[in-house]
There are 2 protein chains.
Amino acid sequence: MSPMSLPAAPDTREKLLAAAHDLLFERAGRNASVSEICARAEVNVAMVKYCFGSKDGLLDALLERVLLGLVQELDRLTAVPMTPEAKLRRHVGEIVRNYVRYPYVNRLMNERLLSAEPGAVDHISASFAIPARDWYAALLREGREHSGWRELDPTLFFFSVIGLCEFLFSARPLLERAFDTTIDAQLVERYSAQVSELVMGGVLAPRERDMVASVRRAPGGPPAARRGRR
Amino acid sequence: MSPMSLPAAPDTREKLLAAAHDLLFERAGRNASVSEICARAEVNVAMVKYCFGSKDGLLDALLERVLLGLVQELDRLTAVPMTPEAKLRRHVGEIVRNYVRYPYVNRLMNERLLSAEPGAVDHISASFAIPARDWYAALLREGREHSGWRELDPTLFFFSVIGLCEFLFSARPLLERAFDTTIDAQLVERYSAQVSELVMGGVLAPRERDMVASVRRAPGGPPAARRGRR
């Protein structure tokens with residue numbers, strides 16, 4: 001084996017990112033201090049400042065990595081030859097599974113969004129929100145052309161779908177203590193299926209529902225005239 | 001006017017709750033310190049401990065009040081003679097408007113849920129999550145009987161609907177900076193309408209979609225046999 005094929009030893013930056021991920025994962029979003037992160041990474045505390053400028057810098061880098069992974073998943077999905085329905089279903093499953101892998105991502109994102117540092121918000125916008133919204137816009141357009149989806153605002157749709165997928169995870173203690181339910185593979189599967197149905201129903205709904213209504217009014221006959229819609 | 005009809009002067013407890021609400025509202029969930037809350041309430045700092053035991057006690061009382069208001073809205077809605085569809089639509093509109101009035105409620109709830117104090121979680125469960133989930137269960141049952149809604153897990157449905165309504169508000173800085181959009185009355189109306197469509201489409205979807213599909217396969221003829229469903 002040539003030396004080139006050996007994996008590079010993880011450097012300090014990587015160790016710190018991995019330790020921060022592990023701690024936030026284990027705590028489902030509860031804070032981890034710099035000294036806890038450094039102890040887990042087996043790295044001197046001064047390295048956080050050296051590598052990332054500050055703890056916020058470390059958390060920003062971690063968040064950016066997770067969000068970048070999400071956007072790369074979107075790009076991969078764009079390239080797959082599938083109907084818009086299948087893409088949307090697969091995408092919803094991916095977001096839900098993403099919250100399983102990174103249960104801290106929304107808490108971290110909200111903290112950074114509320115940090116009142118315009119730079120942090122612009123960063124999240126550029127690396128995640130805008131590409132994701134543009135992906136939704138393209139998918140919704142494809143769905144309209146290909147499958148008669150209705151006209152939906154892609155920005156609002158982006159917030160709806162993400163929120164729909166994430167609240168179960170951000171309110172996890174409620175799920176566990178109020179409803180005595182743990183997030184296991186089966187629950188993730190059920191949640192993902194239900195969320196998919198909601199989203200699919202939402203993109204298809206009015207046209208299909210109009211059609212059903214007109215069929216019900218005149219069974220076997222020609223479809224009744226479309227009623228006016230706001 | 002008899003003395004009985006005069007409104008009682010707001011007491012210290014009320015002043016503190018109102019000041020905490022005002023500050024959290026203005027900051028869309030960003031923290032307010034005890035001294036800021038007391039300065040706004042024009043109350044001595046010691047009164048927080050006297051009235052609520054601690055700052056967490058004050059925030060718990062505020063959260064409880066908001067959540068109680070939500071549950072009372074559900075009770076009122078139960079009593080109104082309406083179809084399940086109309087109830088669900090009105091309910092979705094109420095949740096969205098609630099996030100406009102109390103943009104801090106989910107952040108506060110998540111903080112308390114993550115506080116690792118089982119008491120805080122149990123409190124939120126008993127005063128909000130369980131009554132709300134039970135309301136959803138009753139509504140979904142009514143929808144199945146009255147309008148042929150499909151079988152949905154009320155616990156997962158609860159998390160879906162709340163998440164769907166809230167993310168726009170918890171990620172508000174993203175909306176404002178990434179998409180240059182402000183939350184005004186018109187946007188709230190549009191979001192509420194879109195979320196309603198998603199939820200309505202979700203509760204109605206499969207049965208209606210099957211029906212549409214069978215009608216498309218055999219126009220004017222008897223409905224084709226239902227395909228197997230996972």
# chains A, B, ... in the order shown; residues from 1 in each chain; ligands from 1
>>> closest_atom_pairs(of="chain B", to="chain A", cutoff="6 Å", atoms="only C-alpha atoms", output="Markdown table")
| residue | atom | partner | partner_atom | distance |
| --- | --- | --- | --- | --- |
| B:Leu113 | CA | A:Pro173 | CA | 6.0 |
| B:Ser125 | CA | A:Ala178 | CA | 5.0 |
| B:Phe159 | CA | A:Leu168 | CA | 5.4 |
| B:Ser160 | CA | A:Leu164 | CA | 5.0 |
| B:Gly163 | CA | A:Phe167 | CA | 4.6 |
| B:Leu164 | CA | A:Leu164 | CA | 4.4 |
| B:Phe167 | CA | A:Gly163 | CA | 4.6 |
| B:Leu168 | CA | A:Phe159 | CA | 5.4 |
| B:Pro173 | CA | A:Leu113 | CA | 6.0 |
| B:Ala178 | CA | A:Ser125 | CA | 5.0 |
| B:Glu197 | CA | A:Gly202 | CA | 5.6 |
| B:Leu198 | CA | A:Gly202 | CA | 3.7 |
| B:Gly201 | CA | A:Gly201 | CA | 4.0 |
| B:Gly202 | CA | A:Leu198 | CA | 3.7 |
| B:Ala205 | CA | A:Gly201 | CA | 5.0 |
| B:Gly220 | CA | A:Gly220 | CA | 3.9 |
>>> residues_around(residues="Thr78 in chain B", least_positions_apart="5", cutoff="10 Å", atoms="only C-alpha atoms", output="list in words")
Gln72, Glu73, Pro84, Lys87, Trp135, Ala138 and Leu139 of chain B
>>> write_last_selection(atoms="N, CA and C atoms", output="CSV table (one decimal), in the first residue's frame")
chain,number,residue,atom,x,y,z
B,72,GLN,N,-57.4,26.8,25.5
B,72,GLN,CA,-58.8,27.4,25.7
B,72,GLN,C,-59.4,27.6,24.3
B,73,GLU,N,-58.5,28.1,23.3
B,73,GLU,CA,-59.0,28.3,22.0
B,73,GLU,C,-59.5,26.9,21.4
B,84,PRO,N,-65.6,19.2,10.4
B,84,PRO,CA,-64.2,19.0,10.8
B,84,PRO,C,-63.2,19.8,9.9
B,87,LYS,N,-63.2,23.3,11.0
B,87,LYS,CA,-62.5,23.4,12.3
B,87,LYS,C,-61.0,23.4,12.2
B,135,TRP,N,-57.2,16.7,21.5
B,135,TRP,CA,-58.1,17.5,20.7
B,135,TRP,C,-57.9,17.0,19.2
B,138,ALA,N,-59.6,13.7,18.7
B,138,ALA,CA,-61.0,13.8,18.6
B,138,ALA,C,-61.4,14.3,17.2
B,139,LEU,N,-60.6,15.3,16.8
B,139,LEU,CA,-60.9,15.9,15.4
B,139,LEU,C,-60.7,14.9,14.3
>>> residues_around(residues="His146 in chain A", least_positions_apart="2", cutoff="12 Å", atoms="only C-alpha atoms", output="PyMOL selection string")
chain A and resi 82-85+138-144+148-150+204
>>> residues_around(residues="Val105 in chain B", least_positions_apart="3", cutoff="8 Å", atoms="only C-alpha atoms", output="NGL selection string")
:B and (29 or 63 or 66 or 99 or 102 or 108-109)
>>> atom_distance(atom1="CA of Ala20 in chain B", atom2="CA of Glu94 in chain B")
22.6 Å
>>> select_by_dssp(residues="range 59-194 of chain A", states="helix (DSSP H, G or I)", output="number ranges by chain")
A: 59-79, 84-101, 105-113, 118-147, 154-170, 172-178, 185-194
>>> residues_around(residues="Ser33 in chain A", least_positions_apart="2", cutoff="10 Å", atoms="only C-alpha atoms", output="count of residues only")
9
>>> closest_residue(among="B:Pro131, B:Gly119, B:Pro154, B:Pro103", to="Leu24 in chain B", atoms="only C-alpha atoms")
B:Pro103
>>> closest_residue(among="A:Thr182, A:Gly53, A:Leu17, A:Ser127", to="Leu67 in chain A", atoms="only C-alpha atoms")
A:Ser127
